[in-house]
>>> print(open('run-v1.txt').read())   # compact mmCIF, C-alpha atoms
# COMPACT_ATOMS: atom_id res chain seq x y z
CA MET O 1 0.00 0.00 0.00
CA TYR O 2 2.75 2.44 0.98
CA TRP O 3 4.75 2.18 -2.21
CA LEU O 4 1.57 2.78 -4.22
CA TYR O 5 0.67 5.78 -2.07
CA SER O 6 4.22 7.17 -2.44
CA ALA O 7 4.11 6.74 -6.21
CA LEU O 8 0.74 8.48 -6.48
CA LEU O 9 1.88 11.32 -4.23
CA ALA O 10 5.04 11.79 -6.29
CA ILE O 11 2.96 11.90 -9.49
CA VAL O 12 0.58 14.46 -7.98
CA LEU O 13 3.51 16.63 -6.89
CA LEU O 14 5.13 16.36 -10.30
CA MET O 15 1.93 17.18 -12.18
CA GLY O 16 1.18 20.03 -9.79
CA SER O 17 4.66 21.54 -10.04
CA PRO O 18 3.64 24.20 -12.62
CA TYR O 19 0.95 25.42 -10.21
CA TRP O 20 3.35 25.47 -7.24
CA LEU O 21 5.89 27.34 -9.36
CA TRP O 22 3.28 29.88 -10.39
CA GLN O 23 2.29 30.39 -6.76
CA MET O 24 5.94 30.89 -5.82
CA LEU O 25 6.44 33.51 -8.51
CA ARG O 26 3.14 35.30 -7.98
CA HIS O 27 2.66 35.20 -4.21
CA GLY O 28 5.96 33.86 -2.85
CA LYS O 29 4.08 30.86 -1.43
CA TYR O 30 5.89 27.54 -0.83
CA ARG O 31 9.28 29.14 -1.54
CA ARG O 32 10.40 29.39 2.05
CA GLY O 33 11.51 26.11 3.52
CA LEU O 34 11.36 24.22 0.23
CA GLY O 35 14.65 22.48 0.90
CA GLU O 36 13.54 21.50 4.40
CA ARG O 37 10.30 20.06 3.02
CA LEU O 38 12.39 17.97 0.64
CA GLY O 39 14.50 16.53 3.44
CA ARG O 40 17.44 18.95 3.53
CA LEU O 41 18.21 19.42 7.21
CA PRO O 42 18.58 23.09 8.22
CA LEU O 43 21.94 23.97 9.73
CA ARG O 44 20.22 25.50 12.76
CA LEU O 45 18.78 22.10 13.69
CA ARG O 46 21.43 20.20 15.66
CA ARG O 47 21.43 16.65 16.95
CA PRO O 48 20.04 17.02 20.47
CA ALA O 49 21.97 15.50 23.34
CA ALA O 50 18.72 14.82 25.21
CA PRO O 51 15.79 12.58 24.18
CA VAL O 52 13.54 14.40 21.70
CA ILE O 53 9.84 15.21 21.72
CA TRP O 54 8.80 16.23 18.19
CA VAL O 55 5.64 18.38 18.07
CA HIS O 56 3.97 19.01 14.71
CA ALA O 57 1.59 21.98 14.44
CA VAL O 58 0.39 22.82 10.93
CA SER O 59 -0.22 26.56 11.13
CA VAL O 60 -0.81 29.50 13.47
CA GLY O 61 -3.94 28.02 15.07
CA GLU O 62 -2.24 24.76 15.95
CA VAL O 63 0.93 26.53 17.15
CA LEU O 64 -1.17 28.64 19.50
CA ALA O 65 -3.10 25.58 20.67
CA VAL O 66 0.03 23.66 21.69
CA SER O 67 1.98 26.61 23.11
CA ARG O 68 1.01 26.06 26.72
CA LEU O 69 1.28 22.29 26.29
CA ILE O 70 4.88 22.69 25.11
CA GLU O 71 5.75 24.95 28.04
CA ASP O 72 4.26 22.42 30.46
CA LEU O 73 6.13 19.58 28.76
CA LYS O 74 9.39 21.49 29.23
CA SER O 75 8.59 21.88 32.91
CA ARG O 76 7.45 18.29 33.51
CA PHE O 77 10.14 16.62 31.37
CA PRO O 78 13.21 18.89 31.67
CA LYS O 79 15.58 16.16 30.48
CA HIS O 80 13.93 16.14 27.03
CA SER O 81 14.49 18.43 24.06
CA ILE O 82 11.42 19.71 22.21
CA VAL O 83 11.41 20.54 18.50
CA VAL O 84 8.48 21.89 16.53
CA SER O 85 7.60 21.48 12.85
CA THR O 86 5.01 23.47 10.93
CA THR O 87 3.63 23.39 7.42
CA THR O 88 2.81 27.05 6.73
CA ASP O 89 5.08 30.10 6.66
CA THR O 90 2.91 31.92 9.19
CA GLY O 91 3.04 28.94 11.55
CA GLN O 92 6.81 28.75 11.11
CA LYS O 93 7.28 32.41 11.98
CA LEU O 94 5.12 32.23 15.10
CA ALA O 95 6.72 28.96 16.25
CA GLY O 96 10.18 30.48 15.80
CA GLN O 97 9.20 33.45 17.96
CA ARG O 98 7.74 31.26 20.70
CA PHE O 99 10.13 28.31 20.82
CA GLY O 100 13.34 29.59 19.25
CA GLU O 101 14.24 29.32 15.56
CA GLU O 102 16.90 26.70 16.35
CA ASN O 103 14.10 24.35 17.48
CA VAL O 104 11.71 24.91 14.57
CA PHE O 105 11.63 23.58 11.00
CA TYR O 106 9.26 22.84 8.12
CA PHE O 107 7.50 19.48 8.15
CA PRO O 108 8.84 17.24 5.37
CA LEU O 109 6.81 16.02 2.43
CA ASP O 110 5.25 12.64 3.10
CA LEU O 111 7.86 10.74 1.11
CA PRO O 112 10.50 8.48 2.72
CA PHE O 113 13.50 10.34 1.27
CA ALA O 114 12.27 13.59 2.87
CA ILE O 115 11.24 12.11 6.23
CA GLN O 116 14.15 9.82 7.04
CA PRO O 117 16.86 12.49 7.46
CA TYR O 118 14.81 14.07 10.26
CA LEU O 119 14.15 10.77 12.00
CA ARG O 120 17.85 9.82 11.79
CA LEU O 121 18.94 13.18 13.21
CA LEU O 122 16.32 13.63 15.91
CA ARG O 123 15.53 10.03 16.87
CA PRO O 124 12.35 11.23 18.59
CA ARG O 125 11.12 9.37 21.62
CA LEU O 126 7.65 10.90 21.27
CA VAL O 127 5.93 12.46 18.26
CA ILE O 128 2.97 14.73 19.05
CA ILE O 129 0.67 15.73 16.19
CA ALA O 130 -1.78 18.57 16.78
CA GLU O 131 -5.36 17.95 15.63
CA THR O 132 -5.52 15.49 12.70
CA GLU O 133 -2.57 15.04 10.35
CA PHE O 134 -2.62 11.42 9.20
CA TRP O 135 0.41 11.23 6.89
CA PRO O 136 0.83 7.52 6.08
CA ASN O 137 4.57 7.41 5.37
CA PHE O 138 5.47 9.65 8.28
CA LEU O 139 3.40 7.63 10.73
CA ARG O 140 4.81 4.35 9.44
CA LEU O 141 8.45 5.48 9.55
CA ALA O 142 8.12 7.24 12.92
CA HIS O 143 6.47 4.16 14.41
CA ARG O 144 9.13 1.88 12.92
CA SER O 145 11.88 4.09 14.39
CA GLY O 146 10.58 3.32 17.88
CA ALA O 147 8.87 6.65 18.55
CA ARG O 148 5.60 6.77 20.42
CA ILE O 149 2.96 8.74 18.51
CA ALA O 150 0.14 10.84 19.95
CA ILE O 151 -2.64 12.87 18.37
CA VAL O 152 -3.50 15.79 20.66
CA ASN O 153 -6.45 18.17 20.44
CA GLY O 154 -7.82 15.75 17.87
CA ARG O 155 -10.88 16.73 15.89
CA ILE O 156 -12.73 15.41 12.85
CA SER O 157 -14.67 18.03 10.91
CA ASP O 158 -17.90 17.21 9.10
CA ARG O 159 -16.16 17.46 5.74
CA SER O 160 -13.22 15.29 6.81
CA LEU O 161 -15.53 12.68 8.31
CA ARG O 162 -17.17 11.98 4.96
CA GLY O 163 -13.81 11.36 3.30
CA TYR O 164 -12.43 9.28 6.15
CA ARG O 165 -15.52 7.08 6.14
CA ARG O 166 -15.03 6.40 2.46
CA TYR O 167 -11.44 5.21 2.99
CA ARG O 168 -11.85 3.58 6.39
CA ARG O 169 -10.43 0.26 5.21
CA VAL O 170 -7.21 2.01 4.20
CA LEU O 171 -7.14 4.18 7.31
CA VAL O 172 -7.35 1.37 9.88
CA PRO O 173 -3.76 0.07 9.43
CA ILE O 174 -2.46 3.67 9.30
CA LEU O 175 -4.21 4.68 12.52
CA SER O 176 -3.08 1.48 14.24
CA GLN O 177 0.43 2.99 14.38
CA ILE O 178 -0.75 5.84 16.61
CA ASP O 179 -0.46 5.06 20.30
CA ILE O 180 -3.04 7.47 21.65
CA PHE O 181 -5.74 9.80 20.32
CA LEU O 182 -6.64 12.71 22.62
CA ALA O 183 -9.86 14.25 21.33
CA GLN O 184 -11.29 17.74 21.78
CA SER O 185 -14.80 16.51 22.60
CA PRO O 186 -16.86 13.34 23.08
CA GLU O 187 -18.15 13.75 19.51
CA ASP O 188 -14.60 13.94 18.13
CA ALA O 189 -13.68 10.85 20.17
CA ARG O 190 -16.67 9.02 18.70
CA ARG O 191 -15.69 10.06 15.18
CA LEU O 192 -12.08 8.98 15.65
CA HIS O 193 -13.27 5.53 16.65
CA GLU O 194 -15.72 5.49 13.74
CA ILE O 195 -12.97 6.08 11.16
CA GLY O 196 -10.77 3.31 12.55
CA ALA O 197 -8.93 4.44 15.68
CA PRO O 198 -8.84 1.59 18.25
CA ALA O 199 -11.42 2.42 20.91
CA GLU O 200 -9.04 1.66 23.80
CA ARG O 201 -6.60 4.30 22.53
CA VAL O 202 -9.11 7.15 22.25
CA GLU O 203 -9.64 9.59 25.13
CA ASN O 204 -11.62 12.81 25.43
CA THR O 205 -9.25 15.29 27.09
CA GLY O 206 -10.90 18.53 25.95
CA ASN O 207 -9.82 21.40 23.75
CA LEU O 208 -6.34 22.81 24.44
CA LYS O 209 -7.37 26.17 23.01
CA PHE O 210 -9.52 26.88 26.06
CA ASP O 211 -6.34 26.85 28.18
CA LEU O 212 -4.43 29.45 26.18
CA GLU O 213 -2.99 32.15 28.39
CA LEU O 214 -3.01 35.78 27.36
CA PRO O 215 0.26 36.55 25.52
CA PRO O 216 2.26 39.64 26.47
CA PRO O 217 0.74 42.36 24.27
CA PRO O 218 3.00 43.64 21.50
CA GLU O 219 3.90 47.32 21.48
CA ILE O 220 1.32 48.01 18.77
CA VAL O 221 -1.53 47.40 21.25
CA ALA O 222 -0.41 50.12 23.67
CA HIS O 223 0.36 52.44 20.76
CA LEU O 224 -3.06 51.98 19.17
CA ARG O 225 -4.85 52.34 22.52
CA ALA O 226 -3.07 55.65 23.13
CA THR O 227 -3.87 56.79 19.59
CA PHE O 228 -7.57 55.99 19.96
CA GLU O 229 -7.74 57.80 23.29
CA SER O 230 -5.98 60.90 21.99
CA GLU O 231 -8.24 61.07 18.94
CA HIS O 232 -11.41 60.14 20.88
CA ALA O 233 -11.77 57.45 18.23
CA GLY O 234 -14.37 54.74 18.56
CA PRO O 235 -16.13 52.46 18.67
CA ILE O 236 -13.44 49.95 17.66
CA ILE O 237 -14.48 46.96 15.56
CA VAL O 238 -11.93 44.16 15.09
CA CYS O 239 -12.64 41.74 12.25
CA GLY O 240 -10.17 38.85 12.38
CA SER O 241 -9.27 35.87 10.18
CA THR O 242 -11.53 37.06 7.36
CA MET O 243 -11.86 35.06 4.18
CA GLU O 244 -12.58 35.99 0.58
CA GLY O 245 -16.19 37.11 0.23
CA GLU O 246 -16.45 38.41 3.79
CA GLU O 247 -14.59 41.70 3.48
CA PRO O 248 -17.16 43.34 1.15
CA LEU O 249 -19.92 42.52 3.66
CA LEU O 250 -17.91 43.81 6.60
CA LEU O 251 -16.77 46.98 4.86
CA ARG O 252 -20.28 47.86 3.73
CA THR O 253 -21.43 47.30 7.29
CA PHE O 254 -18.66 49.64 8.43
CA GLU O 255 -19.96 52.29 6.02
CA ILE O 256 -23.31 52.07 7.83
CA VAL O 257 -21.57 52.29 11.19
CA LEU O 258 -19.71 55.43 10.10
CA GLY O 259 -23.05 57.10 9.37
CA ARG O 260 -23.84 56.91 13.08
CA TYR O 261 -20.31 56.87 14.51
CA PRO O 262 -18.04 58.98 12.26
CA LYS O 263 -14.99 58.31 14.44
CA ALA O 264 -15.40 54.53 14.39
CA VAL O 265 -12.38 52.40 13.49
CA MET O 266 -12.32 48.98 11.84
CA ILE O 267 -9.22 46.83 12.29
CA LEU O 268 -9.37 44.25 9.50
CA ALA O 269 -7.14 41.15 9.54
CA PRO O 270 -7.42 38.81 6.53
CA ARG O 271 -6.65 35.19 7.36
CA HIS O 272 -4.00 34.68 4.67
CA PRO O 273 -1.09 37.07 3.99
CA GLU O 274 -1.38 36.73 0.21
CA ARG O 275 -4.77 38.46 0.46
CA PHE O 276 -3.45 41.61 2.16
CA GLU O 277 -3.01 43.44 -1.14
CA PRO O 278 -6.36 42.47 -2.73
CA VAL O 279 -8.17 43.52 0.46
CA ALA O 280 -6.30 46.84 0.49
CA GLN O 281 -7.43 47.44 -3.08
CA LEU O 282 -11.03 46.63 -2.12
CA ILE O 283 -10.94 49.14 0.75
CA GLN O 284 -9.66 51.84 -1.60
CA LYS O 285 -12.24 50.93 -4.23
CA LEU O 286 -15.00 51.52 -1.66
CA ARG O 287 -13.44 54.95 -0.98
CA LEU O 288 -12.83 54.19 2.67
CA THR O 289 -9.77 55.65 4.39
CA LEU O 290 -7.09 52.97 4.53
CA TYR O 291 -3.99 52.62 6.69
CA ARG O 292 -1.72 49.59 6.84
CA ARG O 293 -0.20 48.22 10.00
CA SER O 294 3.09 47.73 8.14
CA THR O 295 3.41 51.35 7.02
CA LYS O 296 1.38 53.43 9.51
CA THR O 297 3.41 56.42 10.73
CA GLY O 298 1.05 58.35 12.96
CA GLU O 299 -1.94 59.17 10.78
CA THR O 300 -5.36 59.81 12.30
CA LEU O 301 -7.25 56.54 12.55
CA ALA O 302 -10.67 57.88 13.51
CA GLY O 303 -13.11 56.98 10.74
CA ALA O 304 -10.60 54.71 8.97
CA VAL O 305 -9.87 51.06 8.28
CA LEU O 306 -6.58 49.76 9.65
CA LEU O 307 -5.44 46.74 7.64
CA LEU O 308 -3.59 44.39 9.97
CA ASP O 309 -1.07 43.13 7.41
CA SER O 310 1.05 41.37 10.01
CA VAL O 311 1.35 37.89 11.50
CA GLY O 312 0.87 36.92 15.13
CA GLU O 313 -0.65 40.18 16.42
CA LEU O 314 -4.36 39.58 15.93
CA ALA O 315 -4.96 37.70 19.22
CA ALA O 316 -3.67 40.66 21.25
CA ILE O 317 -5.39 43.25 19.03
CA TYR O 318 -8.79 41.84 20.05
CA ALA O 319 -8.18 43.47 23.45
CA LEU O 320 -8.88 46.85 21.80
CA ALA O 321 -12.28 45.87 20.44
CA ASP O 322 -15.70 47.08 21.47
CA ILE O 323 -17.06 44.29 19.30
CA ALA O 324 -15.28 41.56 17.37
CA PHE O 325 -16.13 39.52 14.31
CA VAL O 326 -14.38 36.19 13.75
CA GLY O 327 -14.14 35.29 10.08
CA GLY O 328 -14.43 32.20 7.95
CA SER O 329 -18.01 32.02 9.16
CA LEU O 330 -20.06 34.20 6.79
CA VAL O 331 -18.79 32.07 3.91
CA PRO O 332 -18.54 28.25 3.93
CA SER O 333 -14.98 28.01 5.26
CA GLY O 334 -15.68 26.31 8.58
CA GLY O 335 -15.01 29.25 10.88
CA HIS O 336 -12.05 30.18 13.07
CA ASN O 337 -11.11 30.38 16.75
CA ILE O 338 -13.59 32.45 18.78
CA LEU O 339 -11.59 32.14 22.01
CA GLU O 340 -9.17 34.93 21.14
CA PRO O 341 -11.73 37.73 21.63
CA ALA O 342 -13.50 35.76 24.38
CA GLN O 343 -10.40 35.73 26.57
CA TYR O 344 -10.64 39.53 26.72
CA GLY O 345 -14.38 39.51 27.43
CA VAL O 346 -15.17 41.11 24.06
CA ALA O 347 -18.67 40.88 22.59
CA THR O 348 -18.25 38.60 19.58
CA VAL O 349 -20.21 38.04 16.37
CA ILE O 350 -19.82 35.14 13.93
CA GLY O 351 -21.62 33.72 10.91
CA HIS O 352 -23.34 30.37 10.58
CA HIS O 353 -20.46 28.47 8.93
CA THR O 354 -18.58 27.19 11.98
CA GLU O 355 -18.32 23.47 11.24
CA ASN O 356 -14.63 23.31 12.18
CA PHE O 357 -15.41 24.70 15.65
CA ARG O 358 -18.85 23.19 16.18
CA ASP O 359 -18.32 22.03 19.79
CA MET O 360 -16.71 25.29 20.85
CA VAL O 361 -19.48 27.36 19.29
CA GLU O 362 -22.11 25.12 20.87
CA VAL O 363 -20.64 25.79 24.34
CA PHE O 364 -20.90 29.52 23.71
CA GLN O 365 -24.40 29.31 22.28
CA VAL O 366 -25.68 27.30 25.25
CA GLN O 367 -24.35 30.00 27.56
CA LYS O 368 -25.69 32.79 25.31
CA ALA O 369 -22.18 34.09 24.96
CA ILE O 370 -22.03 34.84 21.24
CA ARG O 371 -24.16 36.26 18.44
CA VAL O 372 -24.56 34.16 15.29
CA VAL O 373 -25.79 36.04 12.22
CA GLY O 374 -26.26 35.79 8.49
CA PRO O 375 -24.99 38.40 5.99
CA ALA O 376 -28.29 40.29 5.97
CA GLU O 377 -28.37 40.55 9.77
CA LEU O 378 -24.77 41.68 10.15
CA PRO O 379 -25.32 45.48 10.01
CA LEU O 380 -28.35 45.27 12.33
CA VAL O 381 -26.50 43.27 14.98
CA PHE O 382 -23.42 45.52 14.80
CA MET O 383 -25.57 48.61 15.27
CA GLU O 384 -27.55 46.98 18.08
CA LEU O 385 -24.40 46.07 20.02
CA LEU O 386 -22.74 49.43 19.43
CA ALA O 387 -25.81 51.25 20.71
CA ASP O 388 -26.01 49.32 24.01
CA SER O 389 -22.88 49.17 26.18
CA ASP O 390 -24.63 47.00 28.80
CA LEU O 391 -25.58 44.45 26.14
CA ARG O 392 -21.98 44.36 24.91
CA ALA O 393 -20.63 43.98 28.42
CA ASP O 394 -23.01 41.14 29.24
CA LEU O 395 -22.18 39.29 26.01
CA GLY O 396 -18.46 39.70 26.62
CA SER O 397 -18.73 38.59 30.25
CA ARG O 398 -20.62 35.47 29.22
CA ALA O 399 -17.95 34.72 26.60
CA ALA O 400 -15.15 34.94 29.18
CA GLY O 401 -17.18 32.69 31.51
CA ALA O 402 -17.82 30.13 28.75
CA ARG O 403 -14.09 29.91 28.13
CA ARG O 404 -13.27 29.46 31.83
CA SER O 405 -15.86 26.70 32.16
CA GLN O 406 -14.00 24.51 29.66
CA MET O 407 -10.43 24.88 30.89
CA GLY O 408 -8.30 21.92 32.03
CA ALA O 409 -7.44 20.10 28.79
CA THR O 410 -3.70 20.77 29.09
CA GLU O 411 -3.33 18.92 32.39
CA LYS O 412 -5.31 15.93 31.10
CA THR O 413 -3.18 15.87 27.95
CA ILE O 414 0.08 16.04 29.92
CA GLN O 415 -1.04 13.13 32.10
CA ALA O 416 -1.81 11.01 29.03
CA LEU O 417 1.46 11.88 27.29
CA GLY O 418 3.42 11.14 30.45
CA LYS O 419 2.34 7.52 30.23
CA LEU O 420 3.93 7.27 26.78
CA LEU O 421 7.22 8.62 28.15
CA SER O 422 7.33 6.24 31.10
CA PRO O 423 10.30 3.79 31.15
CA ALA O 424 8.01 0.75 30.82
CA GLN O 425 6.32 2.11 27.73
CA ARG O 426 9.64 3.14 26.14
CA GLY O 427 11.08 -0.29 26.71
CA ALA O 428 8.08 -2.04 25.18
CA ASN O 429 8.15 0.21 22.16
CA ALA O 430 11.88 -0.25 21.64
CA LYS O 431 11.41 -4.03 21.53
CA THR O 432 8.64 -3.60 18.99
CA ALA O 433 10.78 -1.34 16.81
CA THR O 434 13.74 -3.75 16.96
CA SER O 435 11.57 -6.68 15.91
CA LYS O 436 10.51 -4.78 12.80
CA GLU O 437 14.01 -4.03 11.59
>>> encode(input="run-v1.txt", output="structure tokens")
Amino acid sequence: MYWLYSALLAIVLLMGSPYWLWQMLRHGKYRRGLGERLGRLPLRLRRPAAPVIWVHAVSVGEVLAVSRLIEDLKSRFPKHSIVVSTTTDTGQKLAGQRFGEENVFYFPLDLPFAIQPYLRLLRPRLVIIAETEFWPNFLRLAHRSGARIAIVNGRISDRSLRGYRRYRRVLVPILSQIDIFLAQSPEDARRLHEIGAPAERVENTGNLKFDLELPPPPEIVAHLRATFESEHAGPIIVCGSTMEGEEPLLLRTFEIVLGRYPKAVMILAPRHPERFEPVAQLIQKLRLTLYRRSTKTGETLAGAVLLLDSVGELAAIYALADIAFVGGSLVPSGGHNILEPAQYGVATVIGHHTENFRDMVEVFQVQKAIRVVGPAELPLVFMELLADSDLRADLGSRAAGARRSQMGATEKTIQALGKLLSPAQRGANAKTATSKE
């Protein structure tokens, strides 16, 4: 099965190479870390003297989710080295800032020639994969090397579930190489078992994202707060992680807001960096005043749109908001993390497309801690919240309470991972790996 999968993957990569090349030339995507993805070890990555825990977090969301887990692992297992791989450039940048660039690298393509150099260098004792990244060759080779493998914060979206069901027969032997599956919710645990994970290896430990601690605010937060106060600017609307098709709706809503609040400010943060320029052009086309985070030099922000064309600042920027909108939810993209504004007690609005965060959103809805709207309702709800400070405060307070009610996943996850690092488990796994050589 694996040689056939490898051959098909190689063919897909070869046939898709003109597209990847075009994306590199046009947007700069996939260019960074190309050598690392192909198995060329970065010079900054040294052979650790201590046993290695390899954590894989695809992008920014996963890096944020495992940040506290990694810090706790360092504290609980100080004799281990921790390295982190990511897939996206934004995830790589954030991981480098949080864990040190010398400990961070791009995840290799799922082909043996790209994977094996990392396994030979790192010889990981434990591989931790955030959410659900079932790469057949990587799992097989990591398992064969003697590493224990854990899925943490595991979730199965509605869309993924349909595909996994279709290929369950193929998935079962792949998933059998994973030692433990730590799910975000009982429903995710049930789905993991349904697609082939052994029931005795599946646990519901909760969602790590509920345990995220507030990061130290970057300088831009204090600077913007002082600017807003000096200009008597407000209200402040932060629209984060927006996707294509959402910005026109949000900007037209902002035009309505400006009719009532001429000193209002919208901070707009597209989800993907390659969309910064198209969104800037859209703002200018609508004749709204535009400033960019990357080039702002002291201009008056009252009545303007500030385009947050930066990476890693959005979570802290939510602290400035009177109301927040979390994107990927007005269009069918599955939604994004609503906990970032909730941790600041900010009144939050989302659309109906939140399939990727269904359990999280359900917790908030049960506690009446969020407003869910369609495109037509968006301006009405914004205006309603802006007109009633008590309503905003109550919604934000409920959001903060909903988050607190679900905390504790990190400790449960640490306890489960600790069992995999115990001497008895390591010895059993080493025997298994030796027998397969």
>>> residues_around(input="run-v1.txt", residues="range 54-59 of chain O", least_positions_apart="5", cutoff="7 Å", atoms="all atoms listed in the file", output="PyMOL selection string")
chain O and resi 82-88+90-91+124+126-130
>>> closest_residue(input="run-v1.txt", among="O:Val305, O:Ala7, O:Ala95, O:Ala114", to="Gly39 in chain O", atoms="all atoms listed in the file")
O:Ala114
>>> residues_near_point(input="run-v1.txt", point="(-14.0, 54.4, 17.1)", cutoff="7 Å", atoms="only C-alpha atoms", output="list in words")
Ala233, Gly234, Pro235, Ile236, Lys263, Ala264, Val265, Ala302 and Gly303 of chain O
>>> residues_around(input="run-v1.txt", residues="Arg140 in chain O", least_positions_apart="3", cutoff="12 Å", atoms="all atoms listed in the file", output="ChimeraX atom specification")
/O:1-3,110-112,115-116,119,134-137,143-149,173-178,433,436
>>> closest_residue(input="run-v1.txt", among="O:Gly96, O:Pro248, O:Pro18, O:Gly240", to="Val349 in chain O", atoms="all atoms listed in the file")
O:Gly240
>>> residues_around(input="run-v1.txt", residues="Ile156 in chain O", least_positions_apart="4", cutoff="12 Å", atoms="only C-alpha atoms", output="VMD selection string")
chain O and resid 131 to 134 151 160 to 165 181 to 195 197 355 to 359
>>> atom_distance(input="run-v1.txt", atom1="CA of Glu213 in chain O", atom2="CA of Thr413 in chain O")
16.3 Å
>>> closest_residue(input="run-v1.txt", among="O:Arg168, O:Arg293, O:His272, O:Arg125", to="His223 in chain O", atoms="all atoms listed in the file")
O:Arg293
>>> residues_around(input="run-v1.txt", residues="Leu64 in chain O", least_positions_apart="5", cutoff="12 Å", atoms="all atoms listed in the file", output="PyMOL selection string")
chain O and resi 56-59+69-71+86+90-95+97-99+130+153+208-215+312-315+337+339-340
>>> closest_residue(input="run-v1.txt", among="O:Leu378, O:Leu282, O:Met383, O:Val346", to="Leu395 in chain O", atoms="all atoms listed in the file")
O:Val346
>>> atom_distance(input="run-v1.txt", atom1="CA of Leu171 in chain O", atom2="CA of Glu411 in chain O")
29.3 Å
>>> residues_near_point(input="run-v1.txt", point="(-25.6, 32.1, 27.0)", cutoff="12 Å", atoms="all atoms listed in the file", output="VMD selection string")
chain O and resid 361 to 372 394 to 403
>>> write_last_selection(input="run-v1.txt", atoms="C-alpha atoms", output="PDB file, keeping the file's coordinate frame")
ATOM      1  CA  VAL O 361     -19.480  27.360  19.290  1.00  0.00           C
ATOM      2  CA  GLU O 362     -22.110  25.120  20.870  1.00  0.00           C
ATOM      3  CA  VAL O 363     -20.640  25.790  24.340  1.00  0.00           C
ATOM      4  CA  PHE O 364     -20.900  29.520  23.710  1.00  0.00           C
ATOM      5  CA  GLN O 365     -24.400  29.310  22.280  1.00  0.00           C
ATOM      6  CA  VAL O 366     -25.680  27.300  25.250  1.00  0.00           C
ATOM      7  CA  GLN O 367     -24.350  30.000  27.560  1.00  0.00           C
ATOM      8  CA  LYS O 368     -25.690  32.790  25.310  1.00  0.00           C
ATOM      9  CA  ALA O 369     -22.180  34.090  24.960  1.00  0.00           C
ATOM     10  CA  ILE O 370     -22.030  34.840  21.240  1.00  0.00           C
ATOM     11  CA  ARG O 371     -24.160  36.260  18.440  1.00  0.00           C
ATOM     12  CA  VAL O 372     -24.560  34.160  15.290  1.00  0.00           C
ATOM     13  CA  ASP O 394     -23.010  41.140  29.240  1.00  0.00           C
ATOM     14  CA  LEU O 395     -22.180  39.290  26.010  1.00  0.00           C
ATOM     15  CA  GLY O 396     -18.460  39.700  26.620  1.00  0.00           C
ATOM     16  CA  SER O 397     -18.730  38.590  30.250  1.00  0.00           C
ATOM     17  CA  ARG O 398     -20.620  35.470  29.220  1.00  0.00           C
ATOM     18  CA  ALA O 399     -17.950  34.720  26.600  1.00  0.00           C
ATOM     19  CA  ALA O 400     -15.150  34.940  29.180  1.00  0.00           C
ATOM     20  CA  GLY O 401     -17.180  32.690  31.510  1.00  0.00           C
ATOM     21  CA  ALA O 402     -17.820  30.130  28.750  1.00  0.00           C
ATOM     22  CA  ARG O 403     -14.090  29.910  28.130  1.00  0.00           C
TER      23      ARG O 403
END
>>> atom_distance(input="run-v1.txt", atom1="CA of Pro51 in chain O", atom2="CA of Pro78 in chain O")
10.1 Å
>>> closest_residue(input="run-v1.txt", among="O:Leu417, O:Ile11, O:Val331, O:Val152", to="Asn207 in chain O", atoms="all atoms listed in the file")
O:Val152
>>> residues_around(input="run-v1.txt", residues="range 320-326 of chain O", least_positions_apart="4", cutoff="8 Å", atoms="all atoms listed in the file", output="ChimeraX atom specification")
/O:221,225,235-242,335-338,341,346-350,382,385-386,392
>>> write_last_selection(input="run-v1.txt", atoms="C-alpha atoms", output="tab-separated table (two decimals), in the coordinates of the input")
chain	number	residue	atom	x	y	z
O	221	VAL	CA	-1.53	47.40	21.25
O	225	ARG	CA	-4.85	52.34	22.52
O	235	PRO	CA	-16.13	52.46	18.67
O	236	ILE	CA	-13.44	49.95	17.66
O	237	ILE	CA	-14.48	46.96	15.56
O	238	VAL	CA	-11.93	44.16	15.09
O	239	CYS	CA	-12.64	41.74	12.25
O	240	GLY	CA	-10.17	38.85	12.38
O	241	SER	CA	-9.27	35.87	10.18
O	242	THR	CA	-11.53	37.06	7.36
O	335	GLY	CA	-15.01	29.25	10.88
O	336	HIS	CA	-12.05	30.18	13.07
O	337	ASN	CA	-11.11	30.38	16.75
O	338	ILE	CA	-13.59	32.45	18.78
O	341	PRO	CA	-11.73	37.73	21.63
O	346	VAL	CA	-15.17	41.11	24.06
O	347	ALA	CA	-18.67	40.88	22.59
O	348	THR	CA	-18.25	38.60	19.58
O	349	VAL	CA	-20.21	38.04	16.37
O	350	ILE	CA	-19.82	35.14	13.93
O	382	PHE	CA	-23.42	45.52	14.80
O	385	LEU	CA	-24.40	46.07	20.02
O	386	LEU	CA	-22.74	49.43	19.43
O	392	ARG	CA	-21.98	44.36	24.91
>>> closest_residue(input="run-v1.txt", among="O:Gly259, O:Gly418, O:Gly35, O:Pro42", to="Arg76 in chain O", atoms="all atoms listed in the file")
O:Gly418
